[in-house]
>>> print(open('upload35.cif').read())   # mmCIF, C-alpha atoms
data_my_file
#
loop_
_atom_site.label_atom_id
_atom_site.label_comp_id
_atom_site.auth_asym_id
_atom_site.auth_seq_id
_atom_site.Cartn_x
_atom_site.Cartn_y
_atom_site.Cartn_z
CA MET A 1 8.96 -53.88 -16.91
CA ALA A 2 9.94 -50.69 -15.08
CA LYS A 3 7.80 -49.78 -12.12
CA ARG A 4 6.13 -46.41 -12.24
CA LYS A 5 6.84 -44.11 -9.33
CA ILE A 6 3.60 -43.38 -7.49
CA GLU A 7 3.35 -39.67 -6.63
CA GLU A 8 1.55 -38.64 -3.47
CA PRO A 9 -1.39 -36.35 -4.19
CA SER A 10 -0.79 -32.74 -3.14
CA THR A 11 -2.83 -31.47 -0.21
CA PRO A 12 -5.28 -28.77 -1.24
CA GLU A 13 -4.97 -25.45 0.59
CA SER A 14 -8.45 -25.87 2.06
CA ILE A 15 -7.51 -29.01 4.02
CA LYS A 16 -3.96 -28.10 5.05
CA PRO A 17 -3.55 -27.90 8.83
CA LYS A 18 -4.37 -24.43 10.12
CA ARG A 19 -2.39 -22.54 12.73
CA THR A 20 -3.36 -23.26 16.29
CA ASP A 21 -4.49 -20.33 18.45
CA VAL A 22 -1.27 -20.60 20.46
CA GLU A 23 0.78 -20.24 17.26
CA SER A 24 -1.41 -17.32 16.18
CA VAL A 25 -0.77 -15.52 19.49
CA ARG A 26 3.00 -15.97 19.05
CA GLU A 27 2.88 -14.68 15.48
CA LEU A 28 0.74 -11.71 16.50
CA ASN A 29 3.20 -10.87 19.26
CA VAL A 30 6.08 -10.81 16.74
CA SER A 31 4.05 -8.77 14.22
CA TYR A 32 3.02 -6.29 16.91
CA GLN A 33 6.65 -5.59 17.79
CA GLN A 34 7.41 -5.06 14.10
CA ILE A 35 4.44 -2.68 13.80
CA ARG A 36 5.68 -0.62 16.73
CA ASN A 37 9.17 -0.47 15.22
CA GLU A 38 7.80 0.71 11.87
CA ILE A 39 5.55 3.36 13.44
CA SER A 40 8.45 4.64 15.56
CA LYS A 41 10.26 5.59 12.33
CA VAL A 42 7.65 8.33 11.87
CA ILE A 43 6.01 8.91 15.29
CA VAL A 44 8.12 9.87 18.30
CA GLY A 45 6.79 8.57 21.65
CA GLN A 46 3.03 7.96 22.08
CA GLU A 47 3.67 4.25 22.88
CA THR A 48 0.57 3.95 25.06
CA ILE A 49 -1.66 5.60 22.44
CA ILE A 50 -0.31 3.27 19.71
CA GLU A 51 -1.02 0.23 21.89
CA GLN A 52 -4.56 1.42 22.65
CA LEU A 53 -5.28 2.14 18.97
CA PHE A 54 -4.20 -1.38 18.02
CA ILE A 55 -6.22 -2.89 20.88
CA SER A 56 -9.31 -1.05 19.64
CA LEU A 57 -8.72 -2.17 16.03
CA LEU A 58 -8.42 -5.86 16.98
CA SER A 59 -11.43 -5.57 19.31
CA ARG A 60 -13.57 -4.22 16.40
CA GLY A 61 -14.04 -0.99 18.33
CA HIS A 62 -13.60 2.67 17.39
CA CYS A 63 -11.60 5.47 19.02
CA LEU A 64 -12.18 9.10 19.92
CA LEU A 65 -8.85 11.00 19.92
CA ILE A 66 -8.69 14.29 21.81
CA GLY A 67 -5.69 16.57 21.61
CA VAL A 68 -4.62 20.10 20.76
CA PRO A 69 -3.54 20.84 17.16
CA GLY A 70 -0.05 19.79 16.11
CA LEU A 71 0.26 16.53 18.05
CA ALA A 72 0.41 14.41 14.83
CA LYS A 73 -3.00 12.77 15.24
CA THR A 74 -3.54 12.54 11.48
CA LEU A 75 0.03 11.42 10.84
CA LEU A 76 -0.27 8.68 13.45
CA ILE A 77 -3.43 7.24 11.87
CA LYS A 78 -2.01 7.49 8.34
CA THR A 79 1.18 5.72 9.46
CA LEU A 80 -0.84 2.94 11.13
CA SER A 81 -2.83 2.36 7.93
CA ASP A 82 0.37 2.26 5.85
CA VAL A 83 2.01 -0.33 8.09
CA LEU A 84 -1.15 -2.47 8.05
CA ASP A 85 -1.63 -2.02 4.26
CA LEU A 86 -5.22 -0.81 4.77
CA LYS A 87 -7.19 1.72 2.71
CA PHE A 88 -7.25 5.06 4.52
CA ASN A 89 -9.58 8.05 4.06
CA ARG A 90 -9.68 11.33 5.96
CA ILE A 91 -12.89 13.36 6.29
CA GLN A 92 -12.53 16.97 7.39
CA PHE A 93 -15.73 17.73 9.30
CA THR A 94 -17.12 21.22 8.75
CA PRO A 95 -20.46 22.91 9.66
CA ASP A 96 -21.71 22.59 6.04
CA LEU A 97 -20.82 18.88 5.63
CA MET A 98 -23.84 16.79 4.57
CA PRO A 99 -24.48 13.08 5.33
CA SER A 100 -24.14 12.26 1.61
CA ASP A 101 -20.64 13.81 1.68
CA ILE A 102 -19.70 10.92 3.99
CA THR A 103 -21.73 7.97 2.76
CA GLY A 104 -21.87 8.77 -0.97
CA THR A 105 -24.53 9.94 -3.41
CA GLU A 106 -26.38 8.87 -6.53
CA ILE A 107 -25.66 10.61 -9.83
CA ILE A 108 -27.43 10.38 -13.19
CA GLU A 109 -25.35 9.13 -16.10
CA GLU A 110 -26.02 7.85 -19.60
CA ASP A 111 -26.24 4.10 -20.18
CA LYS A 112 -24.06 3.43 -23.23
CA LYS A 113 -26.01 0.28 -24.15
CA SER A 114 -29.57 1.60 -23.99
CA GLY A 115 -28.86 5.28 -24.45
CA GLY A 116 -31.13 6.06 -21.49
CA LYS A 117 -30.38 7.68 -18.16
CA VAL A 118 -29.52 5.56 -15.12
CA PHE A 119 -28.65 6.26 -11.50
CA LYS A 120 -25.17 5.32 -10.33
CA PHE A 121 -24.06 5.27 -6.69
CA VAL A 122 -20.73 7.00 -6.08
CA GLN A 123 -19.14 5.79 -2.86
CA GLY A 124 -18.22 8.36 -0.22
CA PRO A 125 -15.04 8.45 1.88
CA ILE A 126 -16.65 6.15 4.49
CA PHE A 127 -15.80 3.25 2.13
CA ALA A 128 -12.34 2.56 3.53
CA ASN A 129 -10.75 0.32 6.16
CA ILE A 130 -9.54 3.16 8.37
CA VAL A 131 -11.53 6.41 8.41
CA LEU A 132 -10.25 9.51 10.18
CA ALA A 133 -13.15 11.79 11.11
CA ASP A 134 -11.24 15.00 11.77
CA GLU A 135 -12.87 17.40 14.26
CA ILE A 136 -16.14 15.46 14.42
CA ASN A 137 -17.65 18.04 16.80
CA ARG A 138 -17.57 20.73 14.07
CA THR A 139 -20.42 19.18 12.10
CA PRO A 140 -24.17 19.17 12.95
CA PRO A 141 -25.81 16.17 14.66
CA LYS A 142 -27.45 14.94 11.43
CA THR A 143 -24.05 14.44 9.78
CA GLN A 144 -22.55 12.99 12.97
CA ALA A 145 -25.38 10.44 13.01
CA ALA A 146 -24.56 9.29 9.46
CA LEU A 147 -21.03 8.39 10.57
CA LEU A 148 -22.16 6.77 13.81
CA GLU A 149 -24.69 4.57 11.96
CA SER A 150 -21.87 3.24 9.78
CA MET A 151 -19.74 2.61 12.87
CA GLN A 152 -22.47 0.54 14.51
CA GLU A 153 -23.84 -1.39 11.51
CA HIS A 154 -20.78 -1.47 9.22
CA LYS A 155 -23.29 -0.65 6.48
CA VAL A 156 -24.43 2.39 4.51
CA THR A 157 -27.99 3.00 3.31
CA ALA A 158 -28.47 5.34 0.35
CA ALA A 159 -31.57 5.76 -1.84
CA GLY A 160 -33.18 2.69 -0.31
CA LYS A 161 -30.19 0.39 -0.97
CA THR A 162 -27.83 -1.01 1.62
CA TYR A 163 -24.10 -1.24 0.94
CA THR A 164 -21.80 -3.30 3.17
CA LEU A 165 -18.49 -1.72 4.17
CA ASP A 166 -15.24 -3.64 3.71
CA GLU A 167 -13.72 -5.29 6.75
CA PRO A 168 -11.84 -4.43 8.84
CA PHE A 169 -13.65 -1.13 9.42
CA PHE A 170 -12.13 1.22 11.98
CA VAL A 171 -13.17 4.82 12.71
CA LEU A 172 -10.99 7.32 14.55
CA ALA A 173 -12.67 10.61 15.36
CA THR A 174 -10.70 13.61 16.62
CA GLN A 175 -11.77 16.56 18.75
CA ASN A 176 -10.00 19.77 19.66
CA PRO A 177 -10.43 20.30 23.43
CA ILE A 178 -9.68 24.04 23.42
CA GLU A 179 -12.20 25.28 20.82
CA HIS A 180 -15.88 25.25 21.75
CA GLU A 181 -17.44 28.06 19.70
CA GLY A 182 -19.32 26.81 16.66
CA THR A 183 -19.04 23.17 17.71
CA TYR A 184 -21.64 20.45 18.29
CA PRO A 185 -20.54 18.25 21.22
CA LEU A 186 -21.29 14.55 20.81
CA PRO A 187 -24.22 13.39 22.98
CA GLU A 188 -23.46 10.78 25.64
CA ALA A 189 -25.38 8.11 23.70
CA GLN A 190 -23.11 8.64 20.72
CA LEU A 191 -19.95 8.86 22.82
CA ASP A 192 -20.83 5.40 24.15
CA ARG A 193 -20.29 3.95 20.66
CA PHE A 194 -16.56 4.66 20.93
CA MET A 195 -14.61 1.90 22.65
CA PHE A 196 -11.77 4.18 23.80
CA ASN A 197 -11.49 7.88 24.54
CA LEU A 198 -7.79 8.71 24.15
CA TRP A 199 -6.17 11.99 25.18
CA LEU A 200 -2.89 12.89 23.45
CA GLU A 201 -0.51 14.76 25.73
CA TYR A 202 2.30 17.15 24.80
CA PRO A 203 5.63 15.41 24.06
CA SER A 204 8.47 15.55 26.56
CA PHE A 205 11.41 17.92 25.96
CA GLN A 206 13.63 15.14 24.56
CA GLU A 207 10.80 13.83 22.35
CA GLU A 208 10.12 17.31 20.98
CA LEU A 209 13.83 17.73 20.19
CA GLN A 210 13.72 14.50 18.19
CA ILE A 211 10.48 15.54 16.43
CA VAL A 212 11.93 18.90 15.35
CA LYS A 213 15.19 17.32 14.10
CA SER A 214 13.44 14.63 12.04
CA THR A 215 10.69 16.83 10.55
CA THR A 216 12.95 19.73 9.50
CA SER A 217 15.44 17.57 7.57
CA LEU A 218 15.39 15.53 4.35
CA TYR A 219 14.71 12.35 6.34
CA ALA A 220 11.89 10.38 4.67
CA PRO A 221 11.38 6.95 6.25
CA LYS A 222 10.22 3.98 4.17
CA LEU A 223 7.59 1.88 5.91
CA LYS A 224 7.15 -1.87 5.44
CA HIS A 225 3.74 -3.55 5.35
CA VAL A 226 3.61 -5.86 8.37
CA LEU A 227 0.01 -7.14 8.17
CA ASN A 228 -2.88 -6.86 5.72
CA ALA A 229 -6.69 -6.78 5.91
CA ASP A 230 -7.06 -10.58 5.97
CA ASP A 231 -4.53 -10.88 8.81
CA ILE A 232 -6.39 -8.25 10.84
CA ILE A 233 -9.73 -10.08 10.34
CA ASP A 234 -8.10 -13.37 11.46
CA TYR A 235 -6.70 -11.72 14.59
CA GLN A 236 -10.06 -10.07 15.34
CA GLU A 237 -11.61 -13.54 15.34
CA LEU A 238 -8.74 -14.82 17.49
CA VAL A 239 -9.55 -12.16 20.13
CA ARG A 240 -13.10 -13.51 20.39
CA ARG A 241 -11.75 -17.04 21.03
CA VAL A 242 -9.44 -16.02 23.88
CA PRO A 243 -10.68 -17.67 27.11
CA VAL A 244 -11.35 -15.48 30.15
CA ALA A 245 -11.58 -16.61 33.78
CA ASP A 246 -14.92 -15.96 35.50
CA SER A 247 -13.12 -13.98 38.20
CA VAL A 248 -11.79 -11.52 35.58
CA VAL A 249 -15.26 -11.04 34.04
CA GLU A 250 -16.74 -10.52 37.51
CA PHE A 251 -14.09 -7.89 38.30
CA ALA A 252 -14.91 -5.98 35.09
CA VAL A 253 -18.67 -6.08 35.68
CA GLN A 254 -18.30 -5.07 39.35
CA LEU A 255 -16.02 -2.18 38.37
CA VAL A 256 -18.60 -0.85 35.90
CA ALA A 257 -21.49 -1.39 38.34
CA LYS A 258 -19.67 0.69 40.98
CA THR A 259 -19.73 3.72 38.64
CA ARG A 260 -23.53 3.87 38.93
CA PRO A 261 -24.64 6.24 41.75
CA LYS A 262 -27.86 4.28 42.40
CA ASP A 263 -26.06 0.93 42.79
CA SER A 264 -26.09 -0.29 46.40
CA HIS A 265 -22.39 -1.34 46.19
CA SER A 266 -21.05 1.93 44.74
CA PRO A 267 -18.76 3.97 47.05
CA GLN A 268 -19.95 7.20 48.61
CA PHE A 269 -17.70 9.38 46.41
CA ILE A 270 -19.46 7.95 43.33
CA LYS A 271 -22.84 8.96 44.77
CA ASP A 272 -21.44 12.41 45.57
CA TRP A 273 -19.66 13.12 42.27
CA LEU A 274 -21.50 11.31 39.46
CA THR A 275 -24.86 11.90 37.79
CA TRP A 276 -24.72 8.77 35.62
CA GLY A 277 -22.46 5.75 35.45
CA ALA A 278 -21.35 3.47 32.63
CA GLY A 279 -23.64 0.95 30.88
CA PRO A 280 -23.12 -2.71 29.93
CA ARG A 281 -21.17 -1.75 26.78
CA ALA A 282 -18.37 -0.62 29.11
CA SER A 283 -18.16 -4.13 30.63
CA GLN A 284 -18.00 -5.67 27.15
CA TYR A 285 -15.21 -3.34 26.06
CA LEU A 286 -13.25 -3.89 29.28
CA ILE A 287 -13.14 -7.63 28.57
CA LEU A 288 -12.44 -7.24 24.84
CA GLY A 289 -9.69 -4.74 25.60
CA ALA A 290 -8.20 -6.98 28.28
CA LYS A 291 -8.23 -10.01 25.95
CA THR A 292 -6.52 -8.08 23.17
CA ARG A 293 -3.92 -6.53 25.47
CA ALA A 294 -3.10 -9.97 26.86
CA ILE A 295 -2.37 -11.59 23.50
CA LEU A 296 -0.46 -8.54 22.27
CA ASN A 297 1.86 -9.10 25.23
CA GLY A 298 2.20 -12.82 24.53
CA LYS A 299 -0.25 -14.10 27.16
CA TYR A 300 -2.98 -16.60 26.36
CA THR A 301 -5.62 -15.31 28.76
CA PRO A 302 -6.16 -11.90 30.41
CA ASP A 303 -5.89 -11.18 34.11
CA ILE A 304 -7.30 -8.43 36.31
CA GLU A 305 -4.27 -6.22 35.57
CA ASP A 306 -5.23 -6.19 31.86
CA VAL A 307 -8.73 -4.99 32.80
CA ARG A 308 -7.28 -2.25 35.00
CA ALA A 309 -4.95 -1.15 32.16
CA VAL A 310 -7.85 -0.36 29.80
CA ALA A 311 -10.26 0.98 32.44
CA ILE A 312 -9.50 4.70 32.03
CA PRO A 313 -9.92 4.94 28.21
CA VAL A 314 -13.07 2.78 28.40
CA LEU A 315 -14.75 4.60 31.31
CA ARG A 316 -13.64 8.25 31.13
CA HIS A 317 -16.30 9.22 28.53
CA ARG A 318 -19.04 7.00 29.94
CA ILE A 319 -19.37 8.59 33.37
CA ILE A 320 -20.92 12.03 33.88
CA PRO A 321 -19.56 14.10 36.80
CA ASN A 322 -22.11 16.39 38.49
CA PHE A 323 -21.86 19.95 39.78
CA ASN A 324 -20.34 18.78 43.08
CA ALA A 325 -17.41 17.20 41.22
CA GLU A 326 -16.90 20.35 39.16
CA ALA A 327 -16.99 22.50 42.29
CA ASP A 328 -14.38 20.24 43.92
CA GLY A 329 -12.21 20.33 40.76
CA ILE A 330 -12.64 16.57 40.25
CA THR A 331 -12.37 15.12 36.71
CA ALA A 332 -13.70 11.87 35.27
CA ILE A 333 -10.17 10.43 35.15
CA GLN A 334 -9.61 11.16 38.85
CA ILE A 335 -12.89 9.41 39.68
CA VAL A 336 -11.88 6.28 37.71
CA GLU A 337 -8.42 6.30 39.29
CA LYS A 338 -9.94 6.56 42.77
CA LEU A 339 -12.28 3.69 41.93
CA LEU A 340 -9.36 1.52 40.74
CA ALA A 341 -7.36 2.38 43.85
#
>>> encode(input="upload35.cif", output="structure tokens")
Amino acid sequence: MAKRKIEEPSTPESIKPKRTDVESVRELNVSYQQIRNEISKVIVGQETIIEQLFISLLSRGHCLLIGVPGLAKTLLIKTLSDVLDLKFNRIQFTPDLMPSDITGTEIIEEDKKSGGKVFKFVQGPIFANIVLADEINRTPPKTQAALLESMQEHKVTAAGKTYTLDEPFFVLATQNPIEHEGTYPLPEAQLDRFMFNLWLEYPSFQEELQIVKSTTSLYAPKLKHVLNADDIIDYQELVRRVPVADSVVEFAVQLVAKTRPKDSHSPQFIKDWLTWGAGPRASQYLILGAKTRAILNGKYTPDIEDVRAVAIPVLRHRIIPNFNAEADGITAIQIVEKLLA
């Protein structure tokens, strides 16, 4: 009698061995290099800004981008969403924009089954993975608050119902630094909700040559999807699991504490030049930013240099220079740099 061959049962997906965190860091490092290569097909330069945007995304933070018109802010964000295969929406903020124009609104429509009238919620542009809030300071505070509530809670409330936004959820708001008439500057409490404040500088001469050549020809790059929404969520969770030495956390907290004029350990120039310093959210973002920067560069734990690298975009919009600083021509960036030095 022939013996039957006994087949080994297949292992269900749910109990297959998962990647270790070390393997995840290596894979993220490879994917990050691919992402940079893909973005560079469209965006010339801006390497530091691209790194800081990706750090903010993986840290579950949001960014405020400040730059004069024509520096490809919108194109950069659109390219990032294409490479990450995420849903992208752009909201052009104007003085007449209403909160419902962002979050969505209820409309009355006919129910085909009953023949009666029913309310239906139509989602607004906030229902996306990456939302570009263009010129956020052009809209009144009430509309700004609708966006900032979504940023904080990752939820939208309309007509008494709460709708959860899809993850990952990443907001990038832009501001034009040279136009102030007819604008509504963001209050400090709302600025604090942004992890990074990023300033886009003019390109160098060689970069501008390359930009003009590529944008005035028939060149149309094809971008590959490197990651997707599930990958981003996995890496966001990985960031939270990255271990941090106590000495690094202490450095971050001490750095933030020294920005407060009333702190006994703050330097004299802080007492002379600042009205208010940064709050505890700055310490949290310094550590999250340092952890993310470390694993993007293939390290398994951050060091003090990683904290220093993210200090300016984290702190520049959280400290308030006083009249003495303005009289001396001292900016927030110079104060942070002097503190780091």
>>> resolve_selection(input="upload35.cif", expression="the PyMOL selection byres ((chain A and resi 214-224) around 12)", output="PyMOL selection string")
chain A and resi 31+34-44+72+75+78-85+207-213+225-228
>>> write_last_selection(input="upload35.cif", atoms="C-alpha atoms", output="PDB file, in the coordinates of the input")
ATOM      1  CA  SER A  31       4.050  -8.770  14.220  1.00  0.00           C
ATOM      2  CA  GLN A  34       7.410  -5.060  14.100  1.00  0.00           C
ATOM      3  CA  ILE A  35       4.440  -2.680  13.800  1.00  0.00           C
ATOM      4  CA  ARG A  36       5.680  -0.620  16.730  1.00  0.00           C
ATOM      5  CA  ASN A  37       9.170  -0.470  15.220  1.00  0.00           C
ATOM      6  CA  GLU A  38       7.800   0.710  11.870  1.00  0.00           C
ATOM      7  CA  ILE A  39       5.550   3.360  13.440  1.00  0.00           C
ATOM      8  CA  SER A  40       8.450   4.640  15.560  1.00  0.00           C
ATOM      9  CA  LYS A  41      10.260   5.590  12.330  1.00  0.00           C
ATOM     10  CA  VAL A  42       7.650   8.330  11.870  1.00  0.00           C
ATOM     11  CA  ILE A  43       6.010   8.910  15.290  1.00  0.00           C
ATOM     12  CA  VAL A  44       8.120   9.870  18.300  1.00  0.00           C
ATOM     13  CA  ALA A  72       0.410  14.410  14.830  1.00  0.00           C
ATOM     14  CA  LEU A  75       0.030  11.420  10.840  1.00  0.00           C
ATOM     15  CA  LYS A  78      -2.010   7.490   8.340  1.00  0.00           C
ATOM     16  CA  THR A  79       1.180   5.720   9.460  1.00  0.00           C
ATOM     17  CA  LEU A  80      -0.840   2.940  11.130  1.00  0.00           C
ATOM     18  CA  SER A  81      -2.830   2.360   7.930  1.00  0.00           C
ATOM     19  CA  ASP A  82       0.370   2.260   5.850  1.00  0.00           C
ATOM     20  CA  VAL A  83       2.010  -0.330   8.090  1.00  0.00           C
ATOM     21  CA  LEU A  84      -1.150  -2.470   8.050  1.00  0.00           C
ATOM     22  CA  ASP A  85      -1.630  -2.020   4.260  1.00  0.00           C
ATOM     23  CA  GLU A 207      10.800  13.830  22.350  1.00  0.00           C
ATOM     24  CA  GLU A 208      10.120  17.310  20.980  1.00  0.00           C
ATOM     25  CA  LEU A 209      13.830  17.730  20.190  1.00  0.00           C
ATOM     26  CA  GLN A 210      13.720  14.500  18.190  1.00  0.00           C
ATOM     27  CA  ILE A 211      10.480  15.540  16.430  1.00  0.00           C
ATOM     28  CA  VAL A 212      11.930  18.900  15.350  1.00  0.00           C
ATOM     29  CA  LYS A 213      15.190  17.320  14.100  1.00  0.00           C
ATOM     30  CA  HIS A 225       3.740  -3.550   5.350  1.00  0.00           C
ATOM     31  CA  VAL A 226       3.610  -5.860   8.370  1.00  0.00           C
ATOM     32  CA  LEU A 227       0.010  -7.140   8.170  1.00  0.00           C
ATOM     33  CA  ASN A 228      -2.880  -6.860   5.720  1.00  0.00           C
TER      34      ASN A 228
END
>>> closest_residue(input="upload35.cif", among="A:Pro187, A:Gly329, A:Gly61, A:Pro69", to="A:Gln175", atoms="all atoms listed in the file")
A:Pro69
>>> atom_distance(input="upload35.cif", atom1="atom CA of A:Phe119", atom2="atom CA of A:Thr103")
15.9 Å
>>> residues_around(input="upload35.cif", residues="A:Ser24", least_positions_apart="6", cutoff="12 Å", atoms="all atoms listed in the file", output="PyMOL selection string")
chain A and resi 18+30-32+231-232+234-239+241-242+295-296+298-300
>>> write_last_selection(input="upload35.cif", atoms="C-alpha atoms", output="PDB file, in the frame of the given file")
ATOM      1  CA  LYS A  18      -4.370 -24.430  10.120  1.00  0.00           C
ATOM      2  CA  VAL A  30       6.080 -10.810  16.740  1.00  0.00           C
ATOM      3  CA  SER A  31       4.050  -8.770  14.220  1.00  0.00           C
ATOM      4  CA  TYR A  32       3.020  -6.290  16.910  1.00  0.00           C
ATOM      5  CA  ASP A 231      -4.530 -10.880   8.810  1.00  0.00           C
ATOM      6  CA  ILE A 232      -6.390  -8.250  10.840  1.00  0.00           C
ATOM      7  CA  ASP A 234      -8.100 -13.370  11.460  1.00  0.00           C
ATOM      8  CA  TYR A 235      -6.700 -11.720  14.590  1.00  0.00           C
ATOM      9  CA  GLN A 236     -10.060 -10.070  15.340  1.00  0.00           C
ATOM     10  CA  GLU A 237     -11.610 -13.540  15.340  1.00  0.00           C
ATOM     11  CA  LEU A 238      -8.740 -14.820  17.490  1.00  0.00           C
ATOM     12  CA  VAL A 239      -9.550 -12.160  20.130  1.00  0.00           C
ATOM     13  CA  ARG A 241     -11.750 -17.040  21.030  1.00  0.00           C
ATOM     14  CA  VAL A 242      -9.440 -16.020  23.880  1.00  0.00           C
ATOM     15  CA  ILE A 295      -2.370 -11.590  23.500  1.00  0.00           C
ATOM     16  CA  LEU A 296      -0.460  -8.540  22.270  1.00  0.00           C
ATOM     17  CA  GLY A 298       2.200 -12.820  24.530  1.00  0.00           C
ATOM     18  CA  LYS A 299      -0.250 -14.100  27.160  1.00  0.00           C
ATOM     19  CA  TYR A 300      -2.980 -16.600  26.360  1.00  0.00           C
TER      20      TYR A 300
END
>>> residues_around(input="upload35.cif", residues="A:Phe269", least_positions_apart="5", cutoff="9 Å", atoms="only C-alpha atoms", output="PDB file with C-alpha atoms, keeping the file's coordinate frame")
ATOM      1  CA  PRO A 261     -24.640   6.240  41.750  1.00  0.00           C
ATOM      2  CA  LEU A 274     -21.500  11.310  39.460  1.00  0.00           C
ATOM      3  CA  ILE A 335     -12.890   9.410  39.680  1.00  0.00           C
TER       4      ILE A 335
END
>>> atom_distance(input="upload35.cif", atom1="atom CA of A:Asp192", atom2="atom CA of A:Thr301")
26.1 Å
>>> resolve_selection(input="upload35.cif", expression="the PyMOL selection byres ((chain A and resi 62) around 6)", output="PyMOL selection string")
chain A and resi 61+63+170-171+194-195
>>> atom_distance(input="upload35.cif", atom1="atom CA of A:Leu86", atom2="atom CA of A:Leu53")
14.5 Å
>>> residues_near_point(input="upload35.cif", point="(-12.7, 3.6, 18.0)", cutoff="12 Å", atoms="all atoms listed in the file", output="JSON, numbers by chain")
{"A": [52, 53, 54, 55, 56, 57, 58, 59, 60, 61, 62, 63, 64, 65, 77, 130, 131, 132, 133, 148, 151, 152, 169, 170, 171, 172, 173, 174, 190, 191, 192, 193, 194, 195, 196, 197, 198, 285, 289, 313, 314]}
>>> residues_around(input="upload35.cif", residues="A:Lys262", least_positions_apart="6", cutoff="10 Å", atoms="all atoms listed in the file", output="ChimeraX atom specification")
/A:270-271,274-277
>>> write_last_selection(input="upload35.cif", atoms="C-alpha atoms", output="tab-separated table (two decimals), in the coordinates of the input")
chain	number	residue	atom	x	y	z
A	270	ILE	CA	-19.46	7.95	43.33
A	271	LYS	CA	-22.84	8.96	44.77
A	274	LEU	CA	-21.50	11.31	39.46
A	275	THR	CA	-24.86	11.90	37.79
A	276	TRP	CA	-24.72	8.77	35.62
A	277	GLY	CA	-22.46	5.75	35.45
>>> closest_residue(input="upload35.cif", among="A:Thr48, A:Gln33, A:Gln206, A:Thr162", to="A:Ala309", atoms="all atoms listed in the file")
A:Thr48
>>> resolve_selection(input="upload35.cif", expression="the PyMOL selection byres ((chain A and resi 339) around 10)", output="PyMOL selection string")
chain A and resi 255-256+258-259+266-267+269-270+333-338+340-341
>>> residues_around(input="upload35.cif", residues="A:Asp246", least_positions_apart="2", cutoff="12 Å", atoms="only C-alpha atoms", output="JSON, numbers by chain")
{"A": [243, 244, 248, 249, 250, 251, 252, 253, 287, 301, 302, 303, 304]}
>>> closest_residue(input="upload35.cif", among="A:Ile91, A:Ile49, A:Ala282, A:Ile136", to="A:Pro185", atoms="all atoms listed in the file")
A:Ile136
>>> closest_residue(input="upload35.cif", among="A:Arg308, A:Gly160, A:Thr139, A:Arg281", to="A:Ala294", atoms="only C-alpha atoms")
A:Arg308
